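Trainee: File follows, run.tsv with TSV, C-alpha atoms:
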```tsv
chain	number	residue	atom	x	y	z
A	1	MET	CA	-4.56	175.06	171.47
A	2	THR	CA	-5.49	174.57	175.13
A	3	VAL	CA	-7.12	177.44	176.99
A	4	THR	CA	-7.28	177.84	180.75
A	5	ILE	CA	-10.81	178.56	181.94
A	6	ALA	CA	-10.75	180.92	184.92
A	7	SER	CA	-12.58	179.88	188.07
A	8	SER	CA	-14.55	183.12	187.86
A	9	LEU	CA	-16.00	181.95	184.52
A	10	TRP	CA	-16.88	178.37	185.48
A	11	SER	CA	-17.58	177.01	188.93
A	12	GLY	CA	-18.79	173.59	187.82
A	13	THR	CA	-16.89	170.42	187.10
A	14	ARG	CA	-14.86	169.52	184.05
A	15	ALA	CA	-17.55	167.03	182.99
A	16	GLU	CA	-20.26	169.71	183.25
A	17	LEU	CA	-18.25	172.12	181.12
A	18	GLN	CA	-17.47	169.42	178.57
A	19	SER	CA	-21.17	168.56	178.38
A	20	ALA	CA	-22.07	172.22	177.81
A	21	VAL	CA	-19.37	172.54	175.13
A	22	ASP	CA	-20.62	169.37	173.40
A	23	ALA	CA	-24.21	170.65	173.43
A	24	PHE	CA	-23.11	174.00	172.01
A	25	ALA	CA	-21.01	172.25	169.34
A	26	ALA	CA	-24.11	170.26	168.32
A	27	GLU	CA	-26.10	173.51	168.06
A	28	MET	CA	-23.38	175.04	165.90
A	29	GLU	CA	-23.30	171.96	163.68
A	30	ALA	CA	-27.09	172.06	163.24
A	31	HIS	CA	-26.87	175.77	162.43
A	32	LYS	CA	-24.79	174.97	159.35
A	33	LEU	CA	-27.98	173.63	157.73
A	34	THR	CA	-29.89	176.90	158.22
A	35	VAL	CA	-30.13	179.99	156.04
A	36	GLY	CA	-30.78	183.47	157.34
A	37	VAL	CA	-30.87	182.35	160.97
A	38	PRO	CA	-28.46	183.96	163.43
A	39	ALA	CA	-25.85	181.60	164.84
A	40	PRO	CA	-26.52	180.34	168.36
A	41	LEU	CA	-24.71	182.08	171.18
A	42	ALA	CA	-22.68	180.13	173.70
A	43	PRO	CA	-24.47	179.95	177.06
A	44	SER	CA	-21.41	181.32	178.85
A	45	LYS	CA	-18.01	182.83	178.18
A	46	ALA	CA	-16.39	179.64	179.52
A	47	VAL	CA	-18.27	177.49	177.00
A	48	ASP	CA	-17.40	179.94	174.22
A	49	GLN	CA	-13.69	179.88	175.07
A	50	ALA	CA	-13.55	176.10	175.42
A	51	TYR	CA	-15.45	175.62	172.15
A	52	ARG	CA	-13.30	178.05	170.16
A	53	HIS	CA	-10.00	176.64	171.43
A	54	GLY	CA	-11.03	172.99	171.17
A	55	SER	CA	-9.20	172.02	174.36
A	56	PHE	CA	-9.41	173.39	177.86
A	57	VAL	CA	-8.15	173.03	181.39
A	58	LEU	CA	-9.93	174.45	184.40
A	59	GLU	CA	-7.94	176.89	186.50
A	60	SER	CA	-9.00	174.91	189.57
A	61	GLU	CA	-7.31	171.80	188.13
A	62	GLN	CA	-3.93	173.42	187.77
A	63	VAL	CA	-1.46	172.52	190.46
A	64	GLU	CA	1.58	174.57	191.21
A	65	ALA	CA	4.61	172.63	190.09
A	66	ALA	CA	6.87	171.39	192.84
A	67	PRO	CA	10.28	172.98	192.78
A	68	ASP	CA	13.17	170.99	191.34
A	69	PRO	CA	14.46	168.90	194.27
A	70	ASP	CA	18.06	169.84	193.47
A	71	THR	CA	17.63	173.61	193.75
A	72	GLU	CA	18.25	175.93	196.67
A	73	GLU	CA	14.56	176.89	196.56
A	74	ALA	CA	13.57	173.25	197.07
A	75	ALA	CA	15.96	172.98	200.00
A	76	GLN	CA	14.42	176.10	201.52
A	77	TRP	CA	10.94	174.57	201.13
A	78	ARG	CA	12.06	171.33	202.80
A	79	THR	CA	13.55	173.27	205.70
A	80	SER	CA	10.43	175.41	206.00
A	81	ASP	CA	8.21	172.31	205.93
A	82	LEU	CA	10.20	170.65	208.71
A	83	GLU	CA	10.09	173.81	210.82
A	84	PHE	CA	6.37	174.20	210.23
A	85	ILE	CA	5.75	170.58	211.22
A	86	ARG	CA	7.38	171.42	214.54
A	87	VAL	CA	5.06	174.42	214.92
A	88	ILE	CA	2.00	172.24	214.26
A	89	GLU	CA	3.33	169.66	216.71
A	90	ASP	CA	3.79	172.34	219.39
A	91	LEU	CA	0.34	173.75	218.68
A	92	THR	CA	-1.23	170.30	219.00
A	93	GLU	CA	0.53	169.68	222.31
A	94	THR	CA	-0.59	173.08	223.62
A	95	LEU	CA	-4.21	172.48	222.63
A	96	ILE	CA	-4.14	169.10	224.36
A	97	ALA	CA	-2.47	170.52	227.47
A	98	LYS	CA	-5.05	173.33	227.73
A	99	GLY	CA	-7.93	170.88	227.26
A	100	VAL	CA	-9.11	172.49	224.03
A	101	ILE	CA	-8.90	169.10	222.34
A	102	ALA	CA	-8.60	165.67	223.87
A	103	GLU	CA	-5.93	163.39	222.52
A	104	ALA	CA	-8.41	160.51	222.77
A	105	ASP	CA	-10.67	162.33	220.29
A	106	LEU	CA	-8.01	162.19	217.60
A	107	PRO	CA	-7.82	159.28	215.14
A	108	ALA	CA	-5.75	156.34	216.35
A	109	GLN	CA	-3.03	157.00	213.76
A	110	ALA	CA	-2.70	160.61	214.91
A	111	GLN	CA	-2.48	159.51	218.54
A	112	ALA	CA	0.26	157.02	217.66
A	113	LYS	CA	2.25	159.69	215.79
A	114	ILE	CA	1.90	162.14	218.67
A	115	GLN	CA	3.12	159.53	221.15
A	116	SER	CA	6.00	158.58	218.86
A	117	ARG	CA	7.04	162.23	218.49
A	118	ARG	CA	6.82	162.73	222.27
A	119	ALA	CA	9.16	159.77	222.79
A	120	LEU	CA	11.62	161.23	220.27
A	121	ARG	CA	11.53	164.65	221.94
A	122	GLN	CA	12.13	163.13	225.39
A	123	ALA	CA	15.14	161.29	223.99
A	124	GLU	CA	16.69	164.58	222.75
```
Would you give me this structure, written as structure tokens?
Mentor:
Amino acid sequence: MTVTIASSLWSGTRAELQSAVDAFAAEMEAHKLTVGVPAPLAPSKAVDQAYRHGSFVLESEQVEAAPDPDTEEAAQWRTSDLEFIRVIEDLTETLIAKGVIAEADLPAQAQAKIQSRRALRQAE
């Protein structure tokens, strides 16, 4: 069974957690050969959970699923995205106009997109 490891329990990478789990598993395996010796404790709750469940995913790796493109919710997201793009475009133009940023300081691809959008707006 796969367990989700909360970000509050593990701030490292997946590889670091896997390495810690593997090291703990080796300690547990070696403990099987002992008598009267307390079992080793996992170095953290994240390692303990991942070890006990055998499979894990980090909370930070989980991505919110995109809505089904055929639903009303997806259509609302598309509309919102398009409206928000316009807000960002207006904000960029305002910052350039007020001299807060210089268009020439932007990457060439961004400059080209801004100029292309300006031409489209003027054609409206």
Trainee: For each of A:Val21, A:Glu89, A:Val37, A:Val47, take the minimum atom-to-atom distance to Arg121 in chain A, counting all atoms listed in the file, then give the residue where this is smallest.
Mentor: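 Of the candidates, the smallest distance to Arg121 in chain A is held by A:Glu89.
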Trainee: Excluding Leu41 in chain A and its own-chain neighbours fewer than 2 positions away, which residues fall within 12 Å of it when counting only C-alpha atoms? Please give them as a ChimeraX atom specification.
Mentor: /A:21,23-25,27-28,31,37-39,43-45,47-49,51
Trainee: With all atoms listed in the file as the basis for distance, which of A:Asp70, A:Gln115, A:Leu120, A:Trp10 is at the shortest distance from Val57 in chain A?
Mentor: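 Residue with the minimum atom-to-atom distance to Val57 in chain A: A:Trp10.
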Trainee: One decimal, in Å: what's the spacing between CA of Ala112 in chain A and CA of Glu83 in chain A?
Mentor: 20.6 Å
Trainee: Record the distance separating CA of Phe56 in chain A and CA of Thr2 in chain A, expressed in Å with one decimal.
Mentor: 4.9 Å
Trainee: Give as a list in words the set of residues within 9 Å of the point (-10.9, 177.4, 188.4), where distances use the file's coordinates and only C-alpha atoms.
Mentor: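 Every residue inside that radius is included here: Thr4, Ile5, Ala6, Ser7, Ser8, Leu9, Trp10, Ser11, Gly12, Val57, Leu58, Glu59, Ser60, Glu61 and Gln62 of chain A.
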Trainee: How would the residues just picked look written out with C-alpha atoms as a PDB file, in the coordinates of the input?
Mentor:
```pdb
ATOM      1  CA  THR A   4      -7.280 177.840 180.750  1.00  0.00           C
ATOM      2  CA  ILE A   5     -10.810 178.560 181.940  1.00  0.00           C
ATOM      3  CA  ALA A   6     -10.750 180.920 184.920  1.00  0.00           C
ATOM      4  CA  SER A   7     -12.580 179.880 188.070  1.00  0.00           C
ATOM      5  CA  SER A   8     -14.550 183.120 187.860  1.00  0.00           C
ATOM      6  CA  LEU A   9     -16.000 181.950 184.520  1.00  0.00           C
ATOM      7  CA  TRP A  10     -16.880 178.370 185.480  1.00  0.00           C
ATOM      8  CA  SER A  11     -17.580 177.010 188.930  1.00  0.00           C
ATOM      9  CA  GLY A  12     -18.790 173.590 187.820  1.00  0.00           C
ATOM     10  CA  VAL A  57      -8.150 173.030 181.390  1.00  0.00           C
ATOM     11  CA  LEU A  58      -9.930 174.450 184.400  1.00  0.00           C
ATOM     12  CA  GLU A  59      -7.940 176.890 186.500  1.00  0.00           C
ATOM     13  CA  SER A  60      -9.000 174.910 189.570  1.00  0.00           C
ATOM     14  CA  GLU A  61      -7.310 171.800 188.130  1.00  0.00           C
ATOM     15  CA  GLN A  62      -3.930 173.420 187.770  1.00  0.00           C
TER      16      GLN A  62
END
```
Trainee: Mind giving me the straight-line distance from CA of Ser55 in chain A to CA of Val3 in chain A in Å, one decimal?
Mentor: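 Taking CA of Ser55 in chain A as the start and CA of Val3 in chain A as the end point, the length is 6.4 Å.
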